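The next block is input_8.txt, given as compact mmCIF, C-alpha atoms.
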```txt
# COMPACT_ATOMS: atom_id res chain seq x y z
CA MET A 4 117.95 93.07 73.23
CA VAL A 5 118.87 92.65 76.87
CA ILE A 6 117.35 95.32 79.09
CA GLU A 7 119.00 95.20 82.50
CA ARG A 8 119.08 97.12 85.72
CA THR A 9 122.23 97.88 87.63
CA LEU A 10 123.11 99.63 90.86
CA VAL A 11 125.37 102.65 90.77
CA LEU A 12 126.51 104.41 93.92
CA ILE A 13 128.11 107.82 93.90
CA LYS A 14 130.27 107.38 96.95
CA HIS A 15 130.85 109.97 99.62
CA ASP A 16 133.97 111.35 97.92
CA GLY A 17 131.90 112.11 94.80
CA VAL A 18 129.13 113.71 96.86
CA VAL A 19 131.39 116.02 98.88
CA ARG A 20 133.31 117.07 95.78
CA GLY A 21 130.07 118.18 94.10
CA LEU A 22 130.32 115.70 91.22
CA VAL A 23 126.82 114.20 91.43
CA GLY A 24 125.42 116.15 88.47
CA LYS A 25 128.44 115.50 86.25
CA ILE A 26 128.30 111.77 87.01
CA LEU A 27 124.53 111.59 86.42
CA ASP A 28 125.00 113.35 83.08
CA ARG A 29 127.32 110.61 81.89
CA PHE A 30 124.66 107.92 82.29
CA GLU A 31 121.76 109.98 80.96
CA ASN A 32 123.70 111.33 77.98
CA ILE A 33 124.15 107.86 76.49
CA GLY A 34 120.49 106.95 76.97
CA LEU A 35 120.51 104.95 80.18
CA LYS A 36 117.45 105.52 82.33
CA ILE A 37 117.53 106.38 86.03
CA CYS A 38 114.69 104.34 87.54
CA ALA A 39 115.40 105.13 91.18
CA MET A 40 117.63 107.52 93.07
CA LYS A 41 118.10 108.61 96.67
CA MET A 42 120.67 109.92 99.09
CA VAL A 43 121.47 107.41 101.83
CA TRP A 44 123.75 107.37 104.83
CA ALA A 45 124.46 103.64 105.04
CA ASP A 46 124.21 101.98 108.43
CA GLU A 47 126.46 99.10 109.52
CA LYS A 48 124.02 96.40 108.38
CA LEU A 49 123.54 97.87 104.88
CA ALA A 50 127.30 98.36 104.43
CA GLU A 51 128.09 94.80 105.59
CA ASN A 52 125.44 93.33 103.30
CA HIS A 53 126.67 95.38 100.36
CA TYR A 54 130.29 94.34 100.86
CA GLN A 55 129.79 90.67 101.67
CA LEU A 56 132.94 88.65 102.20
CA ASP A 57 133.12 86.01 99.49
CA GLU A 58 135.99 83.52 99.40
CA GLU A 59 136.49 83.84 95.64
CA TRP A 60 136.51 87.66 95.87
CA ALA A 61 138.97 87.56 98.79
CA LYS A 62 141.34 85.27 96.86
CA ASN A 63 141.12 87.47 93.76
CA VAL A 64 141.86 90.69 95.71
CA TYR A 65 144.69 88.95 97.57
CA GLU A 66 146.32 87.63 94.37
CA LYS A 67 145.99 90.92 92.47
CA THR A 68 147.44 92.93 95.34
CA LYS A 69 150.23 90.44 95.98
CA LYS A 70 151.21 90.44 92.29
CA THR A 71 151.15 94.25 92.11
CA ARG A 72 153.23 94.67 95.26
CA GLU A 73 155.77 92.01 94.31
CA SER A 74 156.18 93.34 90.77
CA ALA A 75 156.95 96.75 92.28
CA GLY A 76 159.55 95.15 94.56
CA GLU A 77 157.44 95.91 97.64
CA PRO A 78 156.83 93.47 100.47
CA PHE A 79 153.43 91.84 100.83
CA PRO A 80 153.20 90.65 104.44
CA PHE A 81 149.92 88.74 104.13
CA THR A 82 149.68 84.96 103.72
CA ASP A 83 145.96 84.35 104.26
CA PRO A 84 143.59 85.52 101.49
CA ILE A 85 140.55 85.43 103.81
CA ALA A 86 142.25 87.56 106.48
CA TYR A 87 143.34 90.01 103.80
CA GLY A 88 139.81 90.02 102.34
CA LYS A 89 138.34 90.77 105.79
CA MET A 90 140.67 93.73 106.15
CA ILE A 91 139.68 95.13 102.73
CA GLN A 92 136.01 94.44 103.50
CA SER A 93 136.28 96.45 106.73
CA TRP A 94 137.93 99.34 104.85
CA ASN A 95 135.10 99.25 102.26
CA ILE A 96 132.45 99.22 104.98
CA ASN A 97 134.07 102.13 106.82
CA PHE A 98 134.31 104.19 103.64
CA LEU A 99 130.72 103.46 102.62
CA ARG A 100 129.59 104.68 106.05
CA GLU A 101 131.81 107.79 106.06
CA GLY A 102 129.08 110.04 104.67
CA PRO A 103 126.02 110.13 102.44
CA VAL A 104 126.03 108.39 99.07
CA ILE A 105 123.71 108.67 96.08
CA ALA A 106 122.19 105.28 95.24
CA MET A 107 120.72 104.80 91.77
CA VAL A 108 119.08 102.07 89.75
CA ILE A 109 120.02 102.50 86.11
CA GLU A 110 118.23 100.66 83.32
CA GLY A 111 119.00 100.03 79.69
CA PRO A 112 120.39 97.54 77.21
CA HIS A 113 123.45 95.86 78.71
CA SER A 114 123.45 98.42 81.54
CA VAL A 115 125.70 96.35 83.82
CA GLU A 116 128.48 96.10 81.23
CA ILE A 117 128.07 99.68 80.01
CA ALA A 118 128.04 101.19 83.50
CA ARG A 119 131.23 99.30 84.41
CA LYS A 120 132.96 100.57 81.26
CA MET A 121 131.82 104.13 81.96
CA VAL A 122 133.05 103.98 85.54
CA GLY A 123 136.55 102.82 84.56
CA SER A 124 139.24 100.86 86.32
CA THR A 125 138.85 100.34 90.08
CA GLU A 126 142.24 101.95 90.60
CA PRO A 127 141.85 105.58 89.47
CA ARG A 128 145.45 105.89 88.26
CA GLN A 129 144.72 103.05 85.78
CA ALA A 130 141.37 104.52 84.65
CA THR A 131 141.47 105.78 81.10
CA PRO A 132 140.48 109.34 80.20
CA GLY A 133 136.83 109.47 79.25
CA THR A 134 135.73 107.25 82.13
CA ILE A 135 134.24 108.71 85.29
CA ARG A 136 137.23 107.70 87.40
CA GLY A 137 139.68 108.69 84.67
CA ASP A 138 138.19 112.17 84.40
CA PHE A 139 137.18 112.97 87.98
CA ALA A 140 138.94 110.73 90.53
CA MET A 141 141.80 112.27 92.45
CA ILE A 142 145.26 110.81 92.01
CA GLU A 143 144.78 107.50 93.80
CA SER A 144 146.47 104.11 93.75
CA TYR A 145 146.45 100.77 95.51
CA ALA A 146 149.88 101.58 96.95
CA LEU A 147 148.68 104.87 98.44
CA ALA A 148 145.52 103.28 99.85
CA ASN A 149 147.48 100.39 101.35
CA ASP A 150 150.05 102.75 102.89
CA LYS A 151 147.20 104.74 104.46
CA GLU A 152 145.41 101.49 105.45
CA ARG A 153 142.20 102.45 103.72
CA VAL A 154 140.16 101.64 100.65
CA LEU A 155 140.62 103.36 97.30
CA ARG A 156 138.67 106.57 97.01
CA ASN A 157 137.31 106.11 93.52
CA LEU A 158 134.00 108.04 93.42
CA VAL A 159 131.58 105.37 92.27
CA HIS A 160 130.48 101.78 92.57
CA ALA A 161 128.78 99.87 89.75
CA SER A 162 127.51 96.31 90.02
CA ASP A 163 129.87 93.83 88.37
CA SER A 164 127.32 91.26 87.18
CA VAL A 165 123.60 90.91 86.53
CA ASP A 166 123.24 88.65 89.59
CA ASN A 167 125.11 91.08 91.84
CA ALA A 168 123.06 93.96 90.44
CA LYS A 169 119.84 92.21 91.47
CA ARG A 170 121.21 91.48 94.94
CA GLU A 171 122.57 94.99 95.45
CA ILE A 172 119.44 96.73 94.15
CA SER A 173 117.33 94.77 96.64
CA LEU A 174 119.58 95.98 99.47
CA TRP A 175 119.28 99.65 98.60
CA PHE A 176 115.72 99.88 97.20
CA ASN A 177 112.32 98.33 97.68
CA GLU A 178 110.14 97.67 94.63
CA ALA A 179 107.94 100.72 95.29
CA GLU A 180 110.99 102.99 94.94
CA ILE A 181 111.86 101.73 91.45
CA HIS A 182 109.91 103.45 88.68
CA ASN A 183 108.93 102.41 85.17
CA TYR A 184 108.51 105.15 82.59
CA LYS A 185 109.20 105.67 78.92
CA LYS A 186 111.99 107.75 77.45
CA GLU A 187 112.28 108.86 73.85
CA LEU A 188 115.07 106.32 73.20
CA ASP A 189 112.95 103.41 74.50
CA LYS A 190 111.26 103.08 71.11
CA HIS A 191 114.58 101.81 69.73
CA PHE A 192 114.80 98.99 72.26
```
Reformat the file's structure so that it appears as structure tokens.
Amino acid sequence: MVIERTLVLIKHDGVVRGLVGKILDRFENIGLKICAMKMVWADEKLAENHYQLDEEWAKNVYEKTKKTRESAGEPFPFTDPIAYGKMIQSWNINFLREGPVIAMVIEGPHSVEIARKMVGSTEPRQATPGTIRGDFAMIESYALANDKERVLRNLVHASDSVDNAKREISLWFNEAEIHNYKKELDKHF
């Protein structure tokens, strides 16, 4: 059985809407373990390191957005994936620094995959009911965010791979802040 750790952030929009407890419940109710948790107001350095600009990521975001806009018959004025990626990165950094966030390390079998499924689609309007974004995110879409020249307000972040989880956890927590303890369900793992 693969026991993993993943980073979950309850972003500022989740904090100010009073959804922290409801979101925490989702992870605890299925047996995932919270190994670390704190409220943080991210500084510029932390936000930049969290949202690193990666060429592959920039190309992926560029292509997805371009396809979505073109299929809706809307213009997409960008031609450079890196420039577009830098713009999205700056929006992400600004949003992460907008107010306090709850940072958590969550542990359990396949926690990266499970947390991502629980969180739901990045775009809240595409998130299925039963996911955190599907149940709690405000009506939000890529088109609305782009028109407002800002990032999607989608309540939570969850690491997208085991490698990214390790990198992100090390940004937000030092080893002394991450706790090991036994839960009743641990005997099944």
Write out as a Markdown table a residue-level contact list of stretch 141-186 of chain A versus stretch 119-136 of chain A with cut-off 9 Å: for each qualifying residue the closest pair of atoms and the distance in Å to one decimal, counting only C-alpha atoms, rows sorted by chain and residue number upward.
```
| residue | atom | partner | partner_atom | distance |
| --- | --- | --- | --- | --- |
| A:Met141 | CA | A:Pro127 | CA | 7.3 |
| A:Ile142 | CA | A:Arg128 | CA | 6.2 |
| A:Glu143 | CA | A:Pro127 | CA | 5.6 |
| A:Ser144 | CA | A:Glu126 | CA | 5.7 |
| A:Tyr145 | CA | A:Glu126 | CA | 6.6 |
| A:Leu155 | CA | A:Glu126 | CA | 7.0 |
| A:Arg156 | CA | A:Pro127 | CA | 8.2 |
| A:Asn157 | CA | A:Pro127 | CA | 6.1 |
| A:Leu158 | CA | A:Arg136 | CA | 6.8 |
| A:Val159 | CA | A:Val122 | CA | 7.0 |
| A:His160 | CA | A:Val122 | CA | 7.8 |
| A:Ala161 | CA | A:Arg119 | CA | 5.9 |
| A:Ser162 | CA | A:Arg119 | CA | 7.4 |
| A:Asp163 | CA | A:Arg119 | CA | 6.9 |
```
> Separation of atom CA of A:Glu77 and atom CA of A:Val64, in Å?
Replying inline: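 Answer for the atom CA of A:Glu77 to atom CA of A:Val64 separation: 16.5 Å.
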>> Can you measure atom CA of A:Lys48 to atom CA of A:Arg100 for me? One decimal in Å is fine.
In response: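 Separating atom CA of A:Lys48 from atom CA of A:Arg100 is a distance of 10.2 Å.
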In the coordinates of the file, take the point (133.0, 107.7, 98.8) and a cut-off of 12 Å; then, counting all atoms listed in the file, name each qualifying protein, DNA or RNA residue as a PDB file with C-alpha atoms, keeping the file's coordinate frame.
```pdb
ATOM      1  CA  LEU A  12     126.510 104.410  93.920  1.00  0.00           C
ATOM      2  CA  ILE A  13     128.110 107.820  93.900  1.00  0.00           C
ATOM      3  CA  LYS A  14     130.270 107.380  96.950  1.00  0.00           C
ATOM      4  CA  HIS A  15     130.850 109.970  99.620  1.00  0.00           C
ATOM      5  CA  ASP A  16     133.970 111.350  97.920  1.00  0.00           C
ATOM      6  CA  GLY A  17     131.900 112.110  94.800  1.00  0.00           C
ATOM      7  CA  VAL A  18     129.130 113.710  96.860  1.00  0.00           C
ATOM      8  CA  VAL A  19     131.390 116.020  98.880  1.00  0.00           C
ATOM      9  CA  ARG A  20     133.310 117.070  95.780  1.00  0.00           C
ATOM     10  CA  GLY A  21     130.070 118.180  94.100  1.00  0.00           C
ATOM     11  CA  LEU A  22     130.320 115.700  91.220  1.00  0.00           C
ATOM     12  CA  VAL A  23     126.820 114.200  91.430  1.00  0.00           C
ATOM     13  CA  VAL A  43     121.470 107.410 101.830  1.00  0.00           C
ATOM     14  CA  TRP A  44     123.750 107.370 104.830  1.00  0.00           C
ATOM     15  CA  ALA A  45     124.460 103.640 105.040  1.00  0.00           C
ATOM     16  CA  TRP A  94     137.930  99.340 104.850  1.00  0.00           C
ATOM     17  CA  ASN A  95     135.100  99.250 102.260  1.00  0.00           C
ATOM     18  CA  ILE A  96     132.450  99.220 104.980  1.00  0.00           C
ATOM     19  CA  ASN A  97     134.070 102.130 106.820  1.00  0.00           C
ATOM     20  CA  PHE A  98     134.310 104.190 103.640  1.00  0.00           C
ATOM     21  CA  LEU A  99     130.720 103.460 102.620  1.00  0.00           C
ATOM     22  CA  ARG A 100     129.590 104.680 106.050  1.00  0.00           C
ATOM     23  CA  GLU A 101     131.810 107.790 106.060  1.00  0.00           C
ATOM     24  CA  GLY A 102     129.080 110.040 104.670  1.00  0.00           C
ATOM     25  CA  PRO A 103     126.020 110.130 102.440  1.00  0.00           C
ATOM     26  CA  VAL A 104     126.030 108.390  99.070  1.00  0.00           C
ATOM     27  CA  ILE A 105     123.710 108.670  96.080  1.00  0.00           C
ATOM     28  CA  ALA A 106     122.190 105.280  95.240  1.00  0.00           C
ATOM     29  CA  ALA A 140     138.940 110.730  90.530  1.00  0.00           C
ATOM     30  CA  MET A 141     141.800 112.270  92.450  1.00  0.00           C
ATOM     31  CA  ARG A 153     142.200 102.450 103.720  1.00  0.00           C
ATOM     32  CA  VAL A 154     140.160 101.640 100.650  1.00  0.00           C
ATOM     33  CA  LEU A 155     140.620 103.360  97.300  1.00  0.00           C
ATOM     34  CA  ARG A 156     138.670 106.570  97.010  1.00  0.00           C
ATOM     35  CA  ASN A 157     137.310 106.110  93.520  1.00  0.00           C
ATOM     36  CA  LEU A 158     134.000 108.040  93.420  1.00  0.00           C
ATOM     37  CA  VAL A 159     131.580 105.370  92.270  1.00  0.00           C
ATOM     38  CA  HIS A 160     130.480 101.780  92.570  1.00  0.00           C
TER      39      HIS A 160
END
```
>> Given all atoms listed in the file as the basis, pick out the residue of A:Asn149, A:Ser114, A:Thr71, A:Asn52 nearest to A:Met90.
In response: A:Asn149
Do you know which residues are at most 9 Å from A:Lys186 counting all atoms listed in the file, after dropping those on the same chain fewer than 4 positions away, and could you put them as a PDB file with C-alpha atoms, in the frame of the given file?
```pdb
ATOM      1  CA  GLY A  34     120.490 106.950  76.970  1.00  0.00           C
ATOM      2  CA  LYS A  36     117.450 105.520  82.330  1.00  0.00           C
ATOM      3  CA  LYS A 190     111.260 103.080  71.110  1.00  0.00           C
TER       4      LYS A 190
END
```
> What is the distance, in Å and to one decimal place, between atom CA of A:Leu174 and atom CA of A:Ala50?
Replying inline: 9.5 Å
>> Can you tell me which residues surround A:Met107 at a distance of at most 6 Å, considering all atoms listed in the file, apart from same-chain residues fewer than 4 positions away, and format the answer as a list of chain:residue names?
In response: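 Counting only the stated atoms, we get A:Leu10, A:Val11, A:Ala39, A:Met40.
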>> Which residue is closest to A:Ser93? Choose from A:Glu116, A:Glu110, A:Glu47, A:Glu73 and count only C-alpha atoms.
In response: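 Counting only C-alpha atoms, the residue closest to A:Ser93 is A:Glu47.
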>> So that I can see what lies close to A:Asn183, please list as a list in words the residues with an atom at most 12 Å from it, counting all atoms listed in the file and leaving out residues fewer than 5 positions away in the same chain.
In response: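 Final neighbour list, sorted by chain and number: Arg8, Lys36, Ile37, Cys38, Ala39, Val108, Ile109, Glu110, Gly111, Glu178 and Asp189 of chain A.
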Show me, as lines of an AutoDock Vina configuration file, the centre and edge lengths in Å to one decimal of the axis-aligned box that covers every listed atom of stretch 29-32 of chain A with 5 Å on each side.
```
center_x = 124.5
center_y = 109.6
center_z = 80.1
size_x = 15.6
size_y = 13.4
size_z = 14.3
```
> Of the residues A:Leu49, A:Met42, A:Ile85, A:Val165, which is the one nearest to A:Ile117, using all atoms listed in the file?
Replying inline: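 Result for the nearest residue to A:Ile117: A:Val165.
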>> Need to verify the contact set: A:Pro80, 12 Å, all atoms listed in the file, exclusion of same-chain residues closer than 3 positions in sequence. Can you return it as a PyMOL selection string?
In response: chain A and resi 65+68-69+72-73+77+83-84+86-87+149
